[in-house]
file structure-v8.cif (mmCIF, C-alpha atoms)
data_my_file
#
loop_
_atom_site.group_PDB
_atom_site.id
_atom_site.type_symbol
_atom_site.label_atom_id
_atom_site.label_comp_id
_atom_site.auth_asym_id
_atom_site.auth_seq_id
_atom_site.Cartn_x
_atom_site.Cartn_y
_atom_site.Cartn_z
ATOM 1 C CA MET J 1 12.769 -38.237 -5.083
ATOM 2 C CA GLU J 2 14.816 -39.486 -2.161
ATOM 3 C CA ILE J 3 13.580 -38.936 1.412
ATOM 4 C CA ILE J 4 16.303 -39.259 4.058
ATOM 5 C CA PRO J 5 15.616 -39.302 7.839
ATOM 6 C CA VAL J 6 18.619 -37.201 8.867
ATOM 7 C CA THR J 7 18.052 -37.526 12.636
ATOM 8 C CA ALA J 8 17.889 -41.331 12.569
ATOM 9 C CA ASP J 9 21.111 -41.712 14.603
ATOM 10 C CA ALA J 10 20.264 -39.066 17.218
ATOM 11 C CA GLU J 11 21.200 -39.802 20.819
ATOM 12 C CA VAL J 12 19.037 -36.981 22.190
ATOM 13 C CA PHE J 13 15.284 -36.472 22.127
ATOM 14 C CA THR J 14 14.394 -34.976 18.772
ATOM 15 C CA CYS J 15 11.726 -35.117 16.142
ATOM 16 C CA ASN J 16 12.306 -36.937 12.887
ATOM 17 C CA ALA J 17 13.732 -34.453 10.392
ATOM 18 C CA TYR J 18 13.465 -35.438 6.734
ATOM 19 C CA LEU J 19 15.623 -34.315 3.824
ATOM 20 C CA LEU J 20 13.919 -34.420 0.415
ATOM 21 C CA VAL J 21 16.478 -34.526 -2.363
ATOM 22 C CA GLY J 22 15.104 -33.695 -5.786
ATOM 23 C CA GLU J 23 14.270 -30.780 -8.044
ATOM 24 C CA ARG J 24 13.828 -28.625 -4.943
ATOM 25 C CA THR J 25 15.872 -29.871 -1.992
ATOM 26 C CA VAL J 26 13.962 -29.325 1.236
ATOM 27 C CA LEU J 27 14.342 -30.177 4.925
ATOM 28 C CA VAL J 28 11.131 -30.848 6.845
ATOM 29 C CA ASP J 29 11.808 -29.707 10.438
ATOM 30 C CA ALA J 30 15.232 -28.976 11.896
ATOM 31 C CA GLY J 31 15.092 -31.260 14.929
ATOM 32 C CA ALA J 32 17.090 -30.987 18.134
ATOM 33 C CA MET J 33 20.132 -33.074 17.204
ATOM 34 C CA GLU J 34 23.342 -31.092 17.399
ATOM 35 C CA GLY J 35 25.255 -31.403 14.143
ATOM 36 C CA ILE J 36 22.241 -32.014 11.919
ATOM 37 C CA GLU J 37 23.666 -29.540 9.400
ATOM 38 C CA SER J 38 26.678 -31.825 8.959
ATOM 39 C CA VAL J 39 24.427 -34.809 8.281
ATOM 40 C CA VAL J 40 22.506 -32.797 5.705
ATOM 41 C CA SER J 41 25.847 -31.795 4.138
ATOM 42 C CA ASP J 42 26.661 -35.489 3.639
ATOM 43 C CA HIS J 43 23.770 -35.644 1.157
ATOM 44 C CA THR J 44 23.639 -32.205 -0.460
ATOM 45 C CA ASP J 45 25.694 -29.029 -0.720
ATOM 46 C CA HIS J 46 22.630 -26.812 -0.876
ATOM 47 C CA LEU J 47 19.224 -26.553 0.739
ATOM 48 C CA ASP J 48 16.501 -24.647 -1.068
ATOM 49 C CA ALA J 49 14.021 -24.552 1.797
ATOM 50 C CA LEU J 50 13.296 -25.623 5.349
ATOM 51 C CA VAL J 51 9.669 -26.259 6.303
ATOM 52 C CA ILE J 52 8.535 -26.242 9.950
ATOM 53 C CA THR J 53 5.536 -28.394 10.855
ATOM 54 C CA HIS J 54 5.234 -26.646 14.243
ATOM 55 C CA GLN J 55 7.470 -24.769 16.628
ATOM 56 C CA HIS J 56 7.930 -27.158 19.538
ATOM 57 C CA SER J 57 11.564 -27.247 20.652
ATOM 58 C CA ASP J 58 12.234 -30.784 19.410
ATOM 59 C CA HIS J 59 11.360 -29.583 15.901
ATOM 60 C CA ILE J 60 13.222 -26.259 15.769
ATOM 61 C CA ALA J 61 16.079 -26.345 18.300
ATOM 62 C CA GLU J 62 18.671 -26.620 15.518
ATOM 63 C CA LEU J 63 16.908 -24.267 13.114
ATOM 64 C CA GLU J 64 19.509 -21.524 13.514
ATOM 65 C CA SER J 65 22.371 -23.947 12.812
ATOM 66 C CA VAL J 66 20.744 -25.182 9.594
ATOM 67 C CA VAL J 67 19.968 -21.641 8.425
ATOM 68 C CA GLU J 68 23.501 -20.479 9.175
ATOM 69 C CA GLN J 69 24.932 -23.368 7.154
ATOM 70 C CA PHE J 70 22.625 -23.282 4.106
ATOM 71 C CA ASP J 71 20.658 -19.998 4.138
ATOM 72 C CA PRO J 72 17.439 -21.654 2.894
ATOM 73 C CA ASP J 73 13.991 -20.144 2.581
ATOM 74 C CA VAL J 74 12.187 -20.883 5.863
ATOM 75 C CA TYR J 75 8.476 -21.679 5.788
ATOM 76 C CA ALA J 76 6.281 -21.704 8.897
ATOM 77 C CA TYR J 77 2.662 -21.112 9.868
ATOM 78 C CA SER J 78 3.418 -18.828 12.811
ATOM 79 C CA ASP J 79 5.903 -16.007 13.090
ATOM 80 C CA HIS J 80 9.546 -16.777 13.834
ATOM 81 C CA PRO J 81 12.601 -14.502 13.565
ATOM 82 C CA LEU J 82 14.069 -16.766 10.871
ATOM 83 C CA ARG J 83 10.857 -17.287 8.903
ATOM 84 C CA THR J 84 10.991 -15.945 5.348
ATOM 85 C CA HIS J 85 7.648 -17.272 4.047
ATOM 86 C CA ASN J 86 4.289 -17.653 5.770
ATOM 87 C CA LEU J 87 2.315 -20.881 5.294
ATOM 88 C CA ASP J 88 -1.482 -20.908 5.274
ATOM 89 C CA ASP J 89 -4.026 -23.677 4.966
ATOM 90 C CA GLY J 90 -4.517 -24.538 1.304
ATOM 91 C CA ASP J 91 -1.127 -23.295 0.113
ATOM 92 C CA GLU J 92 0.860 -25.412 -2.336
ATOM 93 C CA LEU J 93 4.555 -26.034 -1.794
ATOM 94 C CA GLN J 94 7.125 -27.710 -4.039
ATOM 95 C CA MET J 95 9.293 -30.142 -2.093
ATOM 96 C CA GLY J 96 11.663 -32.593 -3.740
ATOM 97 C CA ASP J 97 9.966 -33.584 -6.988
ATOM 98 C CA GLU J 98 6.366 -33.298 -5.786
ATOM 99 C CA THR J 99 3.786 -30.633 -4.999
ATOM 100 C CA PHE J 100 2.394 -30.694 -1.467
ATOM 101 C CA ASP J 101 -0.776 -29.156 -0.094
ATOM 102 C CA VAL J 102 -0.546 -27.414 3.268
ATOM 103 C CA VAL J 103 -3.226 -28.632 5.695
ATOM 104 C CA TYR J 104 -3.670 -26.691 8.935
ATOM 105 C CA THR J 105 -3.871 -29.355 11.662
ATOM 106 C CA PRO J 106 -3.841 -27.753 15.142
ATOM 107 C CA GLY J 107 -4.485 -29.492 18.434
ATOM 108 C CA HIS J 108 -1.069 -30.801 19.384
ATOM 109 C CA ALA J 109 0.189 -27.289 18.630
ATOM 110 C CA ALA J 110 -1.710 -24.173 17.625
ATOM 111 C CA ASP J 111 0.595 -23.604 14.628
ATOM 112 C CA HIS J 112 0.694 -27.216 13.393
ATOM 113 C CA ILE J 113 0.564 -27.958 9.668
ATOM 114 C CA SER J 114 0.749 -31.194 7.685
ATOM 115 C CA LEU J 115 1.970 -31.590 4.111
ATOM 116 C CA VAL J 116 0.381 -33.991 1.642
ATOM 117 C CA SER J 117 1.112 -34.826 -1.999
ATOM 118 C CA ASP J 118 -0.536 -37.368 -4.248
ATOM 119 C CA ARG J 119 1.431 -40.151 -2.555
ATOM 120 C CA VAL J 120 3.256 -38.828 0.554
ATOM 121 C CA LEU J 121 2.116 -37.383 3.885
ATOM 122 C CA PHE J 122 4.357 -35.471 6.287
ATOM 123 C CA SER J 123 2.176 -35.397 9.392
ATOM 124 C CA GLY J 124 4.395 -33.784 12.012
ATOM 125 C CA ASP J 125 2.980 -34.869 15.376
ATOM 126 C CA VAL J 126 -0.752 -34.789 14.615
ATOM 127 C CA VAL J 127 -0.649 -38.489 13.687
ATOM 128 C CA VAL J 128 2.184 -41.017 13.968
ATOM 129 C CA TYR J 129 2.355 -44.710 13.193
ATOM 130 C CA ASN J 130 3.966 -45.929 16.411
ATOM 131 C CA ASP J 131 5.104 -44.393 19.677
ATOM 132 C CA GLY J 132 5.130 -45.213 23.375
ATOM 133 C CA ALA J 133 1.345 -45.191 23.528
ATOM 134 C CA TYR J 134 0.176 -47.101 20.418
ATOM 135 C CA ASP J 135 2.007 -49.179 17.846
ATOM 136 C CA ASP J 136 -0.289 -48.986 14.815
ATOM 137 C CA GLY J 137 -1.876 -45.545 14.745
ATOM 138 C CA SER J 138 -1.341 -42.840 17.353
ATOM 139 C CA PHE J 139 -1.908 -39.107 17.753
ATOM 140 C CA GLY J 140 -0.044 -36.170 19.231
ATOM 141 C CA ARG J 141 -0.415 -35.566 22.937
ATOM 142 C CA THR J 142 -2.921 -32.921 24.007
ATOM 143 C CA ASP J 143 -2.494 -32.751 27.785
ATOM 144 C CA MET J 144 -0.080 -29.837 27.969
ATOM 145 C CA SER J 145 -0.652 -26.076 27.955
ATOM 146 C CA GLY J 146 -1.867 -24.721 24.630
ATOM 147 C CA GLN J 147 -3.014 -28.117 23.365
ATOM 148 C CA SER J 148 -6.551 -29.309 22.623
ATOM 149 C CA ARG J 149 -7.919 -32.805 22.062
ATOM 150 C CA GLU J 150 -11.035 -31.429 20.389
ATOM 151 C CA ARG J 151 -9.017 -29.412 17.881
ATOM 152 C CA LEU J 152 -6.791 -32.411 17.197
ATOM 153 C CA ILE J 153 -9.840 -34.592 16.499
ATOM 154 C CA THR J 154 -11.111 -32.013 14.016
ATOM 155 C CA SER J 155 -7.651 -31.871 12.429
ATOM 156 C CA LEU J 156 -7.548 -35.642 11.937
ATOM 157 C CA GLU J 157 -10.980 -35.497 10.337
ATOM 158 C CA THR J 158 -9.819 -32.685 8.043
ATOM 159 C CA LEU J 159 -6.697 -34.622 7.122
ATOM 160 C CA LEU J 160 -8.791 -37.629 6.127
ATOM 161 C CA GLU J 161 -11.084 -35.440 4.032
ATOM 162 C CA ARG J 162 -8.138 -33.966 2.136
ATOM 163 C CA LEU J 163 -6.033 -37.110 1.832
ATOM 164 C CA PRO J 164 -5.694 -38.232 -1.808
ATOM 165 C CA GLU J 165 -6.531 -41.871 -2.482
ATOM 166 C CA GLY J 166 -3.014 -42.524 -3.770
ATOM 167 C CA VAL J 167 -1.160 -41.619 -0.555
ATOM 168 C CA GLU J 168 1.032 -44.580 0.360
ATOM 169 C CA GLU J 169 3.762 -43.252 2.674
ATOM 170 C CA LEU J 170 3.520 -41.572 6.105
ATOM 171 C CA TYR J 171 6.480 -39.624 7.467
ATOM 172 C CA ALA J 172 5.672 -38.553 11.019
ATOM 173 C CA GLY J 173 7.523 -36.419 13.524
ATOM 174 C CA HIS J 174 8.186 -39.433 15.743
ATOM 175 C CA GLY J 175 8.297 -43.191 15.352
ATOM 176 C CA ASP J 176 8.806 -45.192 12.193
ATOM 177 C CA VAL J 177 7.993 -44.386 8.595
ATOM 178 C CA PHE J 178 4.866 -46.256 7.467
ATOM 179 C CA THR J 179 4.261 -47.557 3.941
ATOM 180 C CA ASN J 180 1.007 -49.116 2.758
ATOM 181 C CA GLU J 181 1.066 -52.852 3.359
ATOM 182 C CA ASP J 182 0.198 -55.375 0.663
ATOM 183 C CA ASP J 183 -3.331 -56.547 1.511
ATOM 184 C CA GLY J 184 -2.995 -54.790 4.889
ATOM 185 C CA ASP J 185 -3.120 -51.367 6.514
ATOM 186 C CA THR J 186 -2.930 -48.166 4.492
ATOM 187 C CA VAL J 187 -2.029 -44.639 5.562
ATOM 188 C CA ARG J 188 -5.747 -43.888 5.679
ATOM 189 C CA ASP J 189 -6.287 -46.863 8.025
ATOM 190 C CA VAL J 190 -3.571 -45.558 10.349
ATOM 191 C CA ILE J 191 -5.168 -42.096 10.515
ATOM 192 C CA GLU J 192 -8.638 -43.549 11.051
ATOM 193 C CA ARG J 193 -7.332 -45.713 13.899
ATOM 194 C CA ALA J 194 -5.630 -42.709 15.494
ATOM 195 C CA LEU J 195 -8.854 -40.705 15.167
ATOM 196 C CA SER J 196 -10.884 -43.453 16.800
ATOM 197 C CA ARG J 197 -8.486 -43.578 19.732
ATOM 198 C CA ALA J 198 -8.408 -39.796 20.089
ATOM 199 C CA LYS J 199 -12.210 -39.739 20.212
ATOM 200 C CA GLU J 200 -12.166 -41.997 23.277
ATOM 201 C CA ARG J 201 -10.941 -38.899 25.168
ATOM 202 C CA LYS J 202 -8.724 -41.069 27.366
ATOM 203 C CA PRO J 203 -5.282 -39.748 28.299
ATOM 204 C CA LYS J 204 -2.772 -40.796 25.657
ATOM 205 C CA TYR J 205 -0.376 -41.695 28.437
ATOM 206 C CA PRO J 206 -2.112 -43.159 31.534
ATOM 207 C CA GLU J 207 0.171 -41.269 33.904
ATOM 208 C CA ALA J 208 -0.575 -37.913 32.223
#
call {"tool": "encode", "arguments": {"input": "structure-v8.cif", "output": "structure tokens"}}
result
Amino acid sequence: MEIIPVTADAEVFTCNAYLLVGERTVLVDAGAMEGIESVVSDHTDHLDALVITHQHSDHIAELESVVEQFDPDVYAYSDHPLRTHNLDDGDELQMGDETFDVVYTPGHAADHISLVSDRVLFSGDVVVYNDGAYDDGSFGRTDMSGQSRERLITSLETLLERLPEGVEELYAGHGDVFTNEDDGDTVRDVIERALSRAKERKPKYPEA
């Protein structure tokens, strides 16, 4: 299974959108980069499904363009005019060549879900490896309307409880992809570090 970050060359603020090419070709999030459908077309002529981790604008701004181009099934936790399939906690979803469990992980957004297989985690914004706040384990911001630090803390704890031991790659909504280091940090370590920092209850960004 090949995982391609199709918004890597974006010149606007966007989430990371990931194309999984395999038995079932799937795009995780649509991003906010104009022309993303053309980038996807460089790698595949069809898209079986598009999965939304949450409906913040940087994750779905180009949803309509992708749907118009490929007419995929659209999976989301909360209602959306283009949604074709509802996602609930505990659902299983085939993406690429692997089966992913849907884990409901609110806090950064009320409709946030993460997707985890035996070796890969798509975490949306609930946990990222590096961003402008922390470089080795960070969490989604919770200082804006509709967000909750307490719910995010619970979500990180839930994610750790349901994370298979073999998970070795973290694909987050922002920042770099993280892969388990030889004799160093693992995906679990990154999540645990993010959880510890979230529990300090300090603003993620000092100016916030």
call {"tool": "resolve_selection", "arguments": {"input": "structure-v8.cif", "expression": "the PyMOL selection byres ((chain J and resi 95) around 7)", "output": "list in words"}}
result
Leu20, Arg24, Thr25, Val26, Leu93, Gln94, Gly96, Asp97, Glu98, Thr99 and Phe100 of chain J
call {"tool": "closest_residue", "arguments": {"input": "structure-v8.cif", "among": "J:Ala110, J:Val39, J:Ala76, J:Ala133", "to": "Ser155 in chain J", "atoms": "all atoms listed in the file"}}
result
J:Ala110
call {"tool": "closest_residue", "arguments": {"input": "structure-v8.cif", "among": "J:Gly146, J:Val102, J:Gly173, J:Leu160", "to": "Val28 in chain J", "atoms": "only C-alpha atoms"}}
result
J:Gly173
call {"tool": "residues_around", "arguments": {"input": "structure-v8.cif", "residues": "Leu152 in chain J", "least_positions_apart": "4", "cutoff": "9 Å", "atoms": "all atoms listed in the file", "output": "ChimeraX atom specification"}}
result
/J:105-109,126,139-140,142,147-148,156-157,195,198
call {"tool": "atom_distance", "arguments": {"input": "structure-v8.cif", "atom1": "CA of Asn16 in chain J", "atom2": "CA of His174 in chain J"}}
result
5.6 Å
call {"tool": "axis_aligned_box", "arguments": {"input": "structure-v8.cif", "around": "range 30-44 of chain J", "padding_each_side": "3 Å", "output": "lines of an AutoDock Vina configuration file"}}
result
center_x = 20.9
center_y = -32.3
center_z = 8.8
size_x = 17.6
size_y = 12.7
size_z = 24.6
call {"tool": "resolve_selection", "arguments": {"input": "structure-v8.cif", "expression": "the PyMOL selection byres ((chain J and resi 61) around 7)", "output": "ChimeraX atom specification"}}
result
/J:30-32,57-60,62-63
call {"tool": "resolve_selection", "arguments": {"input": "structure-v8.cif", "expression": "the PyMOL selection byres ((chain J and resi 202) around 12)", "output": "PyMOL selection string"}}
result
chain J and resi 133+139+141-143+149+196-201+203-208
call {"tool": "closest_residue", "arguments": {"input": "structure-v8.cif", "among": "J:Val66, J:Val187, J:Val40, J:Ile113", "to": "Ile52 in chain J", "atoms": "all atoms listed in the file"}}
result
J:Ile113
call {"tool": "closest_residue", "arguments": {"input": "structure-v8.cif", "among": "J:His43, J:Arg193, J:Arg188, J:Arg151", "to": "Val120 in chain J", "atoms": "only C-alpha atoms"}}
result
J:Arg188
call {"tool": "decode", "arguments": {"input": "structure-v8.cif", "residues": "range 82-111 of chain J", "atoms": "N, CA and C atoms", "output": "PDB file, in the first residue's frame"}}
result
ATOM      1  N   LEU J  82     -22.619  16.243   1.235  1.00  0.00           N
ATOM      2  CA  LEU J  82     -21.972  15.310   0.324  1.00  0.00           C
ATOM      3  C   LEU J  82     -21.677  13.951   0.968  1.00  0.00           C
ATOM      4  N   ARG J  83     -21.993  13.809   2.253  1.00  0.00           N
ATOM      5  CA  ARG J  83     -21.740  12.534   2.912  1.00  0.00           C
ATOM      6  C   ARG J  83     -22.660  11.446   2.358  1.00  0.00           C
ATOM      7  N   THR J  84     -22.081  10.285   2.076  1.00  0.00           N
ATOM      8  CA  THR J  84     -22.865   9.135   1.633  1.00  0.00           C
ATOM      9  C   THR J  84     -22.914   8.031   2.677  1.00  0.00           C
ATOM     10  N   HIS J  85     -21.950   8.014   3.606  1.00  0.00           N
ATOM     11  CA  HIS J  85     -21.886   6.976   4.634  1.00  0.00           C
ATOM     12  C   HIS J  85     -21.530   7.604   5.978  1.00  0.00           C
ATOM     13  N   ASN J  86     -22.285   7.241   7.003  1.00  0.00           N
ATOM     14  CA  ASN J  86     -22.007   7.700   8.357  1.00  0.00           C
ATOM     15  C   ASN J  86     -20.919   6.839   8.994  1.00  0.00           C
ATOM     16  N   LEU J  87     -20.030   7.462   9.759  1.00  0.00           N
ATOM     17  CA  LEU J  87     -19.021   6.748  10.530  1.00  0.00           C
ATOM     18  C   LEU J  87     -19.353   6.841  12.011  1.00  0.00           C
ATOM     19  N   ASP J  88     -19.245   5.715  12.698  1.00  0.00           N
ATOM     20  CA  ASP J  88     -19.454   5.670  14.145  1.00  0.00           C
ATOM     21  C   ASP J  88     -18.253   5.024  14.814  1.00  0.00           C
ATOM     22  N   ASP J  89     -18.070   5.327  16.075  1.00  0.00           N
ATOM     23  CA  ASP J  89     -17.001   4.712  16.847  1.00  0.00           C
ATOM     24  C   ASP J  89     -17.121   3.189  16.786  1.00  0.00           C
ATOM     25  N   GLY J  90     -16.013   2.529  16.491  1.00  0.00           N
ATOM     26  CA  GLY J  90     -16.012   1.075  16.424  1.00  0.00           C
ATOM     27  C   GLY J  90     -16.248   0.501  15.044  1.00  0.00           C
ATOM     28  N   ASP J  91     -16.609   1.339  14.079  1.00  0.00           N
ATOM     29  CA  ASP J  91     -16.771   0.855  12.704  1.00  0.00           C
ATOM     30  C   ASP J  91     -15.429   0.382  12.150  1.00  0.00           C
ATOM     31  N   GLU J  92     -15.486  -0.491  11.154  1.00  0.00           N
ATOM     32  CA  GLU J  92     -14.302  -0.906  10.416  1.00  0.00           C
ATOM     33  C   GLU J  92     -14.410  -0.390   8.990  1.00  0.00           C
ATOM     34  N   LEU J  93     -13.271   0.043   8.443  1.00  0.00           N
ATOM     35  CA  LEU J  93     -13.266   0.656   7.127  1.00  0.00           C
ATOM     36  C   LEU J  93     -12.051   0.171   6.347  1.00  0.00           C
ATOM     37  N   GLN J  94     -12.271  -0.320   5.135  1.00  0.00           N
ATOM     38  CA  GLN J  94     -11.174  -0.754   4.282  1.00  0.00           C
ATOM     39  C   GLN J  94     -10.588   0.448   3.566  1.00  0.00           C
ATOM     40  N   MET J  95      -9.296   0.665   3.745  1.00  0.00           N
ATOM     41  CA  MET J  95      -8.604   1.762   3.071  1.00  0.00           C
ATOM     42  C   MET J  95      -7.279   1.219   2.547  1.00  0.00           C
ATOM     43  N   GLY J  96      -7.001   1.451   1.263  1.00  0.00           N
ATOM     44  CA  GLY J  96      -5.800   0.884   0.682  1.00  0.00           C
ATOM     45  C   GLY J  96      -5.886  -0.625   0.755  1.00  0.00           C
ATOM     46  N   ASP J  97      -4.889  -1.235   1.389  1.00  0.00           N
ATOM     47  CA  ASP J  97      -4.851  -2.691   1.538  1.00  0.00           C
ATOM     48  C   ASP J  97      -5.063  -3.130   2.984  1.00  0.00           C
ATOM     49  N   GLU J  98      -5.516  -2.223   3.841  1.00  0.00           N
ATOM     50  CA  GLU J  98      -5.635  -2.546   5.260  1.00  0.00           C
ATOM     51  C   GLU J  98      -7.026  -2.214   5.783  1.00  0.00           C
ATOM     52  N   THR J  99      -7.372  -2.837   6.902  1.00  0.00           N
ATOM     53  CA  THR J  99      -8.631  -2.556   7.584  1.00  0.00           C
ATOM     54  C   THR J  99      -8.358  -1.635   8.764  1.00  0.00           C
ATOM     55  N   PHE J 100      -9.110  -0.552   8.845  1.00  0.00           N
ATOM     56  CA  PHE J 100      -8.927   0.448   9.887  1.00  0.00           C
ATOM     57  C   PHE J 100     -10.134   0.472  10.814  1.00  0.00           C
ATOM     58  N   ASP J 101      -9.863   0.629  12.092  1.00  0.00           N
ATOM     59  CA  ASP J 101     -10.908   0.855  13.081  1.00  0.00           C
ATOM     60  C   ASP J 101     -11.159   2.350  13.206  1.00  0.00           C
ATOM     61  N   VAL J 102     -12.411   2.725  13.328  1.00  0.00           N
ATOM     62  CA  VAL J 102     -12.785   4.118  13.556  1.00  0.00           C
ATOM     63  C   VAL J 102     -12.822   4.365  15.065  1.00  0.00           C
ATOM     64  N   VAL J 103     -12.066   5.362  15.515  1.00  0.00           N
ATOM     65  CA  VAL J 103     -12.031   5.722  16.935  1.00  0.00           C
ATOM     66  C   VAL J 103     -12.537   7.153  17.064  1.00  0.00           C
ATOM     67  N   TYR J 104     -13.623   7.336  17.786  1.00  0.00           N
ATOM     68  CA  TYR J 104     -14.181   8.675  17.993  1.00  0.00           C
ATOM     69  C   TYR J 104     -13.277   9.428  18.959  1.00  0.00           C
ATOM     70  N   THR J 105     -12.708  10.544  18.495  1.00  0.00           N
ATOM     71  CA  THR J 105     -11.709  11.283  19.281  1.00  0.00           C
ATOM     72  C   THR J 105     -12.015  12.781  19.312  1.00  0.00           C
ATOM     73  N   PRO J 106     -13.117  13.187  19.952  1.00  0.00           N
ATOM     74  CA  PRO J 106     -13.477  14.606  19.998  1.00  0.00           C
ATOM     75  C   PRO J 106     -12.579  15.405  20.936  1.00  0.00           C
ATOM     76  N   GLY J 107     -12.773  16.696  20.893  1.00  0.00           N
ATOM     77  CA  GLY J 107     -12.007  17.616  21.742  1.00  0.00           C
ATOM     78  C   GLY J 107     -11.523  18.785  20.910  1.00  0.00           C
ATOM     79  N   HIS J 108     -10.728  18.482  19.894  1.00  0.00           N
ATOM     80  CA  HIS J 108     -10.345  19.505  18.921  1.00  0.00           C
ATOM     81  C   HIS J 108     -11.542  19.868  18.050  1.00  0.00           C
ATOM     82  N   ALA J 109     -12.369  18.874  17.778  1.00  0.00           N
ATOM     83  CA  ALA J 109     -13.634  19.070  17.055  1.00  0.00           C
ATOM     84  C   ALA J 109     -14.624  18.039  17.564  1.00  0.00           C
ATOM     85  N   ALA J 110     -15.886  18.417  17.630  1.00  0.00           N
ATOM     86  CA  ALA J 110     -16.899  17.522  18.180  1.00  0.00           C
ATOM     87  C   ALA J 110     -17.127  16.299  17.313  1.00  0.00           C
ATOM     88  N   ASP J 111     -16.779  16.389  16.015  1.00  0.00           N
ATOM     89  CA  ASP J 111     -17.025  15.277  15.087  1.00  0.00           C
ATOM     90  C   ASP J 111     -15.740  14.542  14.717  1.00  0.00           C
TER      91      ASP J 111
END
